[in-house]
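J.: This one is query_9.pdb, PDB, C-alpha atoms.
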MODEL        1
ATOM      1  CA  MET F1117     -19.423 -22.442  21.274
ATOM      2  CA  THR F1118     -16.429 -24.476  20.269
ATOM      3  CA  PRO F1119     -13.132 -22.639  19.703
ATOM      4  CA  ILE F1120     -13.318 -23.195  15.946
ATOM      5  CA  THR F1121     -16.657 -21.378  15.790
ATOM      6  CA  VAL F1122     -15.217 -18.458  17.727
ATOM      7  CA  VAL F1123     -12.225 -18.331  15.362
ATOM      8  CA  TYR F1124     -14.471 -18.401  12.289
ATOM      9  CA  LEU F1125     -16.752 -15.682  13.631
ATOM     10  CA  LEU F1126     -13.796 -13.485  14.607
ATOM     11  CA  TYR F1127     -12.183 -14.064  11.219
ATOM     12  CA  LEU F1128     -15.313 -13.101   9.305
ATOM     13  CA  THR F1129     -15.998 -10.035  11.456
ATOM     14  CA  LEU F1130     -12.430  -8.741  11.245
ATOM     15  CA  SER F1131     -12.206  -9.390   7.500
ATOM     16  CA  VAL F1132     -15.459  -7.559   6.782
ATOM     17  CA  LEU F1133     -14.374  -4.646   9.008
ATOM     18  CA  ILE F1134     -11.009  -4.384   7.218
ATOM     19  CA  THR F1135     -12.711  -4.633   3.804
ATOM     20  CA  VAL F1136     -15.229  -1.889   4.473
ATOM     21  CA  ARG F1137     -12.738   0.428   6.160
ATOM     22  CA  VAL F1138     -10.005   0.063   3.535
ATOM     23  CA  GLY F1139     -12.500   0.255   0.667
ATOM     24  CA  HIS F1140     -13.937   3.459   2.058
ATOM     25  CA  THR F1141     -10.510   5.043   2.525
ATOM     26  CA  LEU F1142      -9.385   4.117  -0.983
ATOM     27  CA  HIS F1143     -12.654   5.345  -2.478
ATOM     28  CA  ARG F1144     -12.314   8.725  -0.762
ATOM     29  CA  HIS F1145      -8.628   9.399  -1.340
ATOM     30  CA  GLY F1146      -8.405   7.719  -4.739
ATOM     31  CA  ARG F1147     -10.921  10.096  -6.314
ATOM     32  CA  LEU F1148      -8.454  12.960  -6.670
ATOM     33  CA  PHE F1149      -5.831  10.606  -8.091
ATOM     34  CA  LEU F1150      -8.320   9.214 -10.642
ATOM     35  CA  ILE F1151      -9.381  12.692 -11.700
ATOM     36  CA  ASP F1152      -5.694  13.391 -12.302
ATOM     37  CA  VAL F1153      -5.358  10.127 -14.254
ATOM     38  CA  PHE F1154      -8.245  11.042 -16.554
ATOM     39  CA  CYS F1155      -7.095  14.643 -17.125
ATOM     40  CA  GLY F1156      -9.838  16.247 -15.035
ATOM     41  CA  ASN F1157     -12.729  14.271 -16.525
ATOM     42  CA  GLN F1158     -14.729  13.952 -13.306
ATOM     43  CA  HIS F1159     -17.545  11.755 -14.610
ATOM     44  CA  ARG F1160     -15.147   9.193 -15.993
ATOM     45  CA  ALA F1161     -13.058   9.267 -12.800
ATOM     46  CA  ASP F1162     -16.106   8.792 -10.565
ATOM     47  CA  ALA F1163     -17.355   5.905 -12.709
ATOM     48  CA  VAL F1164     -13.964   4.156 -12.576
ATOM     49  CA  ASN F1165     -13.728   4.856  -8.848
ATOM     50  CA  HIS F1166     -17.089   3.211  -8.243
ATOM     51  CA  LEU F1167     -16.227   0.210 -10.410
ATOM     52  CA  LEU F1168     -12.920  -0.193  -8.583
ATOM     53  CA  LEU F1169     -14.737  -0.161  -5.224
ATOM     54  CA  VAL F1170     -17.195  -2.845  -6.360
ATOM     55  CA  GLY F1171     -14.330  -4.953  -7.700
ATOM     56  CA  PHE F1172     -12.441  -4.519  -4.433
ATOM     57  CA  TYR F1173     -15.421  -5.700  -2.374
ATOM     58  CA  LEU F1174     -16.097  -8.647  -4.667
ATOM     59  CA  THR F1175     -12.478  -9.850  -4.759
ATOM     60  CA  ASN F1176     -12.034  -9.389  -1.042
ATOM     61  CA  ILE F1177     -15.197 -11.222  -0.034
ATOM     62  CA  ALA F1178     -14.394 -14.027  -2.449
ATOM     63  CA  LEU F1179     -10.894 -14.383  -0.996
ATOM     64  CA  VAL F1180     -12.182 -14.296   2.589
ATOM     65  CA  LEU F1181     -14.816 -16.962   1.975
ATOM     66  CA  PHE F1182     -12.432 -19.100  -0.055
ATOM     67  CA  LEU F1183      -9.837 -19.117   2.726
ATOM     68  CA  LEU F1184     -12.304 -19.853   5.526
ATOM     69  CA  ARG F1185     -12.051 -23.641   5.504
ATOM     70  CA  SER F1186      -9.223 -25.152   7.507
ATOM     71  CA  ARG F1187      -8.062 -28.664   8.216
ATOM     72  CA  LEU F1188      -6.308 -27.671  11.417
ATOM     73  CA  GLU F1189      -7.598 -29.261  14.597
ATOM     74  CA  ILE F1190      -8.282 -26.541  17.133
ATOM     75  CA  ILE F1191      -7.543 -27.894  20.557
ATOM     76  CA  ASP F1192      -6.451 -24.829  22.528
ATOM     77  CA  TRP F1193      -6.409 -21.062  22.240
ATOM     78  CA  PHE F1194      -2.901 -20.940  20.826
ATOM     79  CA  THR F1195      -3.903 -22.958  17.799
ATOM     80  CA  GLY F1196      -6.921 -20.694  17.401
ATOM     81  CA  VAL F1197      -4.740 -17.578  17.443
ATOM     82  CA  HIS F1198      -2.333 -19.172  14.957
ATOM     83  CA  LEU F1199      -5.154 -20.038  12.577
ATOM     84  CA  LEU F1200      -6.793 -16.628  12.829
ATOM     85  CA  SER F1201      -3.552 -14.676  12.374
ATOM     86  CA  SER F1202      -2.304 -16.727   9.435
ATOM     87  CA  LYS F1203      -5.632 -16.444   7.595
ATOM     88  CA  LEU F1204      -5.971 -12.713   8.204
ATOM     89  CA  GLY F1205      -2.328 -12.302   7.223
ATOM     90  CA  ILE F1206      -2.836 -13.965   3.849
ATOM     91  CA  VAL F1207      -5.947 -11.873   3.167
ATOM     92  CA  MET F1208      -4.273  -8.573   4.078
ATOM     93  CA  THR F1209      -1.039  -9.227   2.193
ATOM     94  CA  THR F1210      -2.918 -10.225  -0.940
ATOM     95  CA  LEU F1211      -5.120  -7.146  -0.715
ATOM     96  CA  GLY F1212      -2.138  -4.856  -0.229
ATOM     97  CA  THR F1213      -0.266  -6.344  -3.175
ATOM     98  CA  MET F1214      -3.381  -6.034  -5.348
ATOM     99  CA  HIS F1215      -3.780  -2.436  -4.282
ATOM    100  CA  PHE F1216      -0.211  -1.605  -5.352
ATOM    101  CA  PHE F1217      -0.772  -3.301  -8.697
ATOM    102  CA  ASN F1218      -3.901  -1.189  -9.164
ATOM    103  CA  VAL F1219      -2.065   2.043  -8.382
ATOM    104  CA  PHE F1220       0.805   1.220 -10.762
ATOM    105  CA  ALA F1221      -1.608   0.140 -13.505
ATOM    106  CA  LEU F1222      -3.491   3.429 -13.156
ATOM    107  CA  LEU F1223      -0.184   5.306 -13.365
ATOM    108  CA  GLN F1224       0.424   3.577 -16.705
ATOM    109  CA  VAL F1225      -3.104   4.554 -17.805
ATOM    110  CA  ARG F1226      -2.331   8.121 -16.772
ATOM    111  CA  ARG F1227       0.788   8.210 -18.917
ATOM    112  CA  TYR F1228      -1.104   6.669 -21.858
ATOM    113  CA  VAL F1229      -4.038   9.109 -21.619
ATOM    114  CA  ARG F1230      -1.637  12.019 -21.534
ATOM    115  CA  ARG F1231       0.376  10.836 -24.505
ATOM    116  CA  MET F1232      -2.772  10.244 -26.557
ATOM    117  CA  SER F1233      -4.344  13.599 -25.751
ATOM    118  CA  GLY F1234      -1.035  15.488 -26.027
ATOM    119  CA  LEU F1235      -1.694  17.439 -22.863
ATOM    120  CA  GLY F1236       1.089  19.761 -21.770
ATOM    121  CA  SER F1237       0.381  20.642 -18.165
ATOM    122  CA  VAL F1238       0.213  17.808 -15.721
ATOM    123  CA  ALA F1239      -0.897  18.866 -12.281
TER     124      ALA F1239
ATOM    125  CA  MET Y 453       0.756 -16.131  31.034
ATOM    126  CA  ASN Y 454       3.686 -18.254  29.992
ATOM    127  CA  GLU Y 455       6.787 -17.201  28.042
ATOM    128  CA  MET Y 456       5.245 -18.023  24.657
ATOM    129  CA  ALA Y 457       2.329 -15.648  25.198
ATOM    130  CA  TRP Y 458       4.662 -12.889  26.361
ATOM    131  CA  THR Y 459       6.817 -13.392  23.275
ATOM    132  CA  TYR Y 460       3.761 -13.027  21.050
ATOM    133  CA  VAL Y 461       2.571  -9.896  22.831
ATOM    134  CA  ALA Y 462       6.040  -8.321  22.636
ATOM    135  CA  TYR Y 463       6.371  -9.270  18.958
ATOM    136  CA  LEU Y 464       3.013  -7.745  18.056
ATOM    137  CA  GLY Y 465       3.660  -4.603  20.112
ATOM    138  CA  ILE Y 466       7.122  -3.942  18.644
ATOM    139  CA  THR Y 467       6.283  -4.686  15.005
ATOM    140  CA  VAL Y 468       2.919  -2.888  14.915
ATOM    141  CA  GLY Y 469       4.477   0.116  16.660
ATOM    142  CA  ILE Y 470       7.337   0.302  14.155
ATOM    143  CA  THR Y 471       4.874  -0.106  11.252
ATOM    144  CA  ILE Y 472       2.748   2.822  12.431
ATOM    145  CA  TRP Y 473       5.823   4.996  12.985
ATOM    146  CA  VAL Y 474       7.312   4.238   9.540
ATOM    147  CA  ALA Y 475       3.931   4.759   7.844
ATOM    148  CA  ARG Y 476       3.481   8.159   9.447
ATOM    149  CA  THR Y 477       6.999   9.191   8.505
ATOM    150  CA  LEU Y 478       6.419   8.026   4.925
ATOM    151  CA  GLN Y 479       3.109   9.833   4.658
ATOM    152  CA  TYR Y 480       4.591  13.111   5.881
ATOM    153  CA  TYR Y 481       7.878  13.096   4.004
ATOM    154  CA  GLY Y 482       6.405  11.412   0.903
ATOM    155  CA  VAL Y 483       4.456  14.595   0.225
ATOM    156  CA  VAL Y 484       7.651  16.631   0.553
ATOM    157  CA  VAL Y 485       9.463  14.295  -1.872
ATOM    158  CA  MET Y 486       6.607  14.441  -4.397
ATOM    159  CA  THR Y 487       6.330  18.219  -4.339
ATOM    160  CA  ARG Y 488      10.144  18.586  -4.578
ATOM    161  CA  GLY Y 489      10.574  20.273  -1.221
ATOM    162  CA  ASP Y 490       7.625  22.615  -1.508
ATOM    163  CA  SER Y 491       5.191  22.436   1.340
ATOM    164  CA  ALA Y 492       1.879  20.782   0.485
ATOM    165  CA  ASN Y 493       0.035  24.099   0.457
ATOM    166  CA  SER Y 494       2.369  26.091  -1.763
ATOM    167  CA  GLN Y 495       0.857  29.022  -3.631
ATOM    168  CA  GLU Y 496       2.568  28.207  -6.939
ATOM    169  CA  ASN Y 497       0.917  24.856  -7.546
ATOM    170  CA  PRO Y 498      -1.763  24.089  -4.936
ATOM    171  CA  GLN Y 499      -3.230  21.294  -7.006
ATOM    172  CA  ALA Y 500       0.074  19.392  -7.009
ATOM    173  CA  GLY Y 501       0.132  19.528  -3.208
ATOM    174  CA  ALA Y 502      -3.380  18.121  -2.911
ATOM    175  CA  LEU Y 503      -2.544  15.399  -5.434
ATOM    176  CA  ALA Y 504       0.635  14.519  -3.562
ATOM    177  CA  GLU Y 505      -1.302  14.178  -0.308
ATOM    178  CA  ALA Y 506      -3.910  11.922  -1.928
ATOM    179  CA  MET Y 507      -1.199   9.789  -3.537
ATOM    180  CA  SER Y 508       0.761   9.404  -0.310
ATOM    181  CA  HIS Y 509      -2.444   8.361   1.453
ATOM    182  CA  LEU Y 510      -3.098   5.690  -1.199
ATOM    183  CA  LEU Y 511       0.454   4.355  -0.922
ATOM    184  CA  VAL Y 512       0.392   4.296   2.884
ATOM    185  CA  VAL Y 513      -2.850   2.272   2.923
ATOM    186  CA  GLY Y 514      -1.094  -0.383   0.827
ATOM    187  CA  PHE Y 515       1.912  -0.189   3.143
ATOM    188  CA  TYR Y 516      -0.272  -0.861   6.185
ATOM    189  CA  LEU Y 517      -2.096  -3.736   4.469
ATOM    190  CA  VAL Y 518       1.032  -5.554   3.335
ATOM    191  CA  ASN Y 519       2.965  -5.052   6.563
ATOM    192  CA  LEU Y 520       0.191  -5.929   8.989
ATOM    193  CA  GLY Y 521      -0.574  -8.927   6.769
ATOM    194  CA  VAL Y 522       3.017 -10.153   6.912
ATOM    195  CA  ILE Y 523       3.164  -9.514  10.679
ATOM    196  CA  SER Y 524      -0.010 -11.503  11.204
ATOM    197  CA  PHE Y 525       1.049 -14.289   8.871
ATOM    198  CA  ALA Y 526       4.476 -14.681  10.497
ATOM    199  CA  LEU Y 527       3.111 -14.874  14.034
ATOM    200  CA  LYS Y 528       2.983 -18.662  14.233
ATOM    201  CA  SER Y 529       6.075 -20.374  15.505
ATOM    202  CA  THR Y 530       6.842 -24.025  16.028
ATOM    203  CA  GLU Y 531       9.757 -23.367  18.359
ATOM    204  CA  ASN Y 532       9.421 -24.442  21.928
ATOM    205  CA  VAL Y 533       9.869 -21.447  24.209
ATOM    206  CA  ASN Y 534      10.197 -22.186  27.889
ATOM    207  CA  ASN Y 535      12.944 -19.921  29.246
ATOM    208  CA  PRO Y 536      13.984 -16.264  28.713
ATOM    209  CA  GLN Y 537      16.906 -17.180  26.442
ATOM    210  CA  THR Y 538      14.808 -18.969  23.827
ATOM    211  CA  ALA Y 539      12.121 -16.287  24.125
ATOM    212  CA  ILE Y 540      14.622 -13.520  23.299
ATOM    213  CA  GLU Y 541      16.096 -15.531  20.439
ATOM    214  CA  LEU Y 542      12.688 -16.163  18.899
ATOM    215  CA  LEU Y 543      11.613 -12.556  19.388
ATOM    216  CA  SER Y 544      14.701 -11.138  17.699
ATOM    217  CA  THR Y 545      14.432 -13.512  14.725
ATOM    218  CA  LYS Y 546      10.797 -12.613  14.170
ATOM    219  CA  VAL Y 547      11.246  -8.856  14.610
ATOM    220  CA  GLY Y 548      14.295  -8.928  12.336
ATOM    221  CA  MET Y 549      12.350 -10.643   9.569
ATOM    222  CA  ILE Y 550       9.551  -8.086   9.800
ATOM    223  CA  LEU Y 551      12.065  -5.222   9.749
ATOM    224  CA  VAL Y 552      13.566  -6.514   6.494
ATOM    225  CA  VAL Y 553      10.098  -6.585   4.908
ATOM    226  CA  LEU Y 554       9.418  -3.093   6.249
ATOM    227  CA  GLY Y 555      12.648  -1.794   4.747
ATOM    228  CA  ALA Y 556      11.875  -3.276   1.330
ATOM    229  CA  MET Y 557       8.354  -1.803   1.366
ATOM    230  CA  HIS Y 558       9.770   1.532   2.467
ATOM    231  CA  PHE Y 559      12.065   1.695  -0.543
ATOM    232  CA  LEU Y 560       9.241   0.640  -2.878
ATOM    233  CA  ILE Y 561       7.028   3.477  -1.649
ATOM    234  CA  LEU Y 562       9.868   5.969  -1.758
ATOM    235  CA  ALA Y 563      10.548   5.028  -5.395
ATOM    236  CA  ALA Y 564       6.851   5.436  -6.198
ATOM    237  CA  CYS Y 565       6.817   8.861  -4.515
ATOM    238  CA  ALA Y 566       9.902   9.978  -6.427
ATOM    239  CA  SER Y 567       8.584   8.853  -9.822
ATOM    240  CA  TYR Y 568       5.156  10.384  -9.240
ATOM    241  CA  GLY Y 569       6.792  13.629  -8.128
ATOM    242  CA  ARG Y 570       8.755  13.708 -11.376
ATOM    243  CA  ASN Y 571       5.413  13.540 -13.190
ATOM    244  CA  LEU Y 572       3.906  16.270 -11.024
ATOM    245  CA  GLU Y 573       6.632  18.749 -11.888
ATOM    246  CA  ALA Y 574       5.317  21.644 -13.888
ATOM    247  CA  LYS Y 575       8.506  22.173 -15.914
ATOM    248  CA  PRO Y 576       7.865  20.740 -19.385
ATOM    249  CA  HIS Y 577      11.489  19.867 -20.160
ATOM    250  CA  HIS Y 578      11.582  17.352 -17.291
ATOM    251  CA  ARG Y 579       8.629  15.414 -18.609
ATOM    252  CA  ARG Y 580       9.258  12.078 -20.233
ATOM    253  CA  ASP Y 581       6.431  12.390 -22.766
ATOM    254  CA  ARG Y 582       7.409  15.793 -24.123
ATOM    255  CA  PRO Y 583       6.975  16.390 -27.860
ATOM    256  CA  VAL Y 584       9.791  15.136 -30.047
ATOM    257  CA  GLU Y 585      12.278  17.863 -30.879
ATOM    258  CA  ASP Y 586      12.908  18.875 -34.448
ATOM    259  CA  VAL Y 587      16.426  17.528 -35.006
ATOM    260  CA  THR Y 588      16.872  18.759 -38.608
ATOM    261  CA  ARG Y 589      18.186  22.133 -37.403
ATOM    262  CA  PHE Y 590      21.326  20.370 -36.173
ATOM    263  CA  LEU Y 591      21.917  19.109 -39.711
ATOM    264  CA  ASP Y 592      21.965  22.670 -41.085
ATOM    265  CA  THR Y 593      24.818  23.759 -38.789
ATOM    266  CA  ASP Y 594      26.867  20.754 -39.885
ATOM    267  CA  SER Y 595      26.454  21.560 -43.586
ATOM    268  CA  ASP Y 596      27.586  25.162 -42.995
ATOM    269  CA  LYS Y 597      31.056  24.095 -41.844
TER     270      LYS Y 597
ENDMDL
END
Could the structure of this file be written out as structure tokens, please?

T.:
Amino acid sequence: MTPITVVYLLYLTLSVLITVRVGHTLHRHGRLFLIDVFCGNQHRADAVNHLLLVGFYLTNIALVLFLLRSRLEIIDWFTGVHLLSSKLGIVMTTLGTMHFFNVFALLQVRRYVRRMSGLGSVA
Amino acid sequence: MNEMAWTYVAYLGITVGITIWVARTLQYYGVVVMTRGDSANSQENPQAGALAEAMSHLLVVGFYLVNLGVISFALKSTENVNNPQTAIELLSTKVGMILVVLGAMHFLILAACASYGRNLEAKPHHRRDRPVEDVTRFLDTDSDK
């Protein structure tokens, strides 16, 4: 195996591991938050939660595959580590930023739902 | 191992360690900030405590993603390190950059915790979307004078 193959394999494995792990964590802990967003409507919250998970997987896998190609010539292990870390870094930073955008967007939805329904109690 | 490899190992160890420590601190004290000093399992509003814990978990996952991403992305260096002096210089520049990012993210999450906690408060007069008050009663007192 050439070093570039090892780097690609490692990159794909690590990206898929991060995707599955983070997606699972967000799916589990985001449920309560979504139920709060939709004023206790559990069916709606679960549906949105599932759709968000599918969207997360799709976007992440697309980003990972899109960023796979590189024009760098791998000659030694240092270049391999550089390539791997910079690619994983881009993927993780983008995912994290997207996650924050999602949370803030859902907070806006929460405020909107509450204003429309005129609900008094929040928690 | 040469100096460059040692610098990388030290950089990763220091920055990942600090990230984990800050994330744990944020997750613990974020709940306290959101529940306004109540413990997470207060009897008055147990649902707010559970919500605060879920929210802090969500925020900390994003914190980990962004910080580990920036750490990984900033690993590469074109500087030539061949003696302890250049190694220490490179290490401090890199760790300093990561610490600035960490600080900015920390304040972002703290602001999110504070604003969500304001929403969690049960008191209706602190809520931003409270019903509009009837202001005509102030007009009556003016006309009496």

J.: For the file shown, what are the residues hit by the ChimeraX specification (/Y :<6) & /F, laid out as a VMD selection string?

T.: chain F and resid 1145 1198 1201 to 1202 1205 1208 to 1209 1212 1239

J.: Taking all atoms listed in the file into account, which of Y:Leu478, Y:Met557, Y:Val461, Y:Ile470 comes nearest Val1197 in chain F?

T.: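 Using all atoms listed in the file, Val1197 in chain F sits closest to Y:Val461.
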
J.: Quick one: pull the distance between CA of Tyr481 in chain Y and CA of Gly569 in chain Y, Å, one decimal.

T.: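 These atoms are spaced 12.2 Å apart.
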
J.: Between F:Tyr1228, F:Leu1169, F:Ile1190, F:Ala1163, which one has atoms that come closest to Thr1135 in chain F, using all atoms listed in the file?

T.: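 Once distances to Thr1135 in chain F are computed over all atoms listed in the file, the minimum belongs to F:Leu1169.
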
J.: Can you pull out the residues contacting Glu1189 in chain F? Cut-off 10 Å, using all atoms listed in the file, and skip same-chain residues under 4 positions away; I want them as JSON, numbers by chain.

T.: {"F": [1120, 1195, 1196, 1199]}

J.: If the PyMOL selection byres ((chain F and resi 1217-1219) around 10) were run on this exact file, what residues would it hold? Put them as a list in words.

T.: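 Output of the PyMOL selection byres ((chain F and resi 1217-1219) around 10): Gly1146, Phe1149, Leu1150, Leu1168, Leu1211, Gly1212, Thr1213, Met1214, His1215, Phe1216, Phe1220, Ala1221, Leu1222, Leu1223, Gln1224 and Val1225 of chain F; Met507, Leu510, Leu511, Gly514 and Ala564 of chain Y.
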
J.: What is the distance, in Å and to one decimal place, between CA of Pro536 in chain Y and CA of Tyr463 in chain Y?

T.: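 Answer for the CA of Pro536 in chain Y to CA of Tyr463 in chain Y separation: 14.2 Å.
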
J.: Work out how far CA of Asn535 in chain Y is from CA of Glu455 in chain Y, in Å to one decimal.

T.: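 Distance reported for this atom pair: 6.8 Å.
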
J.: For the structure provided, state which residues fall under the PyMOL selection byres ((chain Y and resi 554) around 9), and present them as a ChimeraX atom specification.

T.: /Y:470-471,474,515,519,549-553,555-559

J.: So, with all atoms listed in the file as the atoms that count, which of F:Val1132, F:Leu1204, F:Val1229, F:Leu1125 lies closest to Ile1177 in chain F?

T.: F:Val1132

J.: Which residue out of F:Ile1206, F:Val1122, F:Cys1155, F:Leu1167 has the minimum interatomic distance to Ser1233 in chain F when all atoms listed in the file are used?

T.: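 The answer is F:Cys1155, which sits nearest to Ser1233 in chain F.
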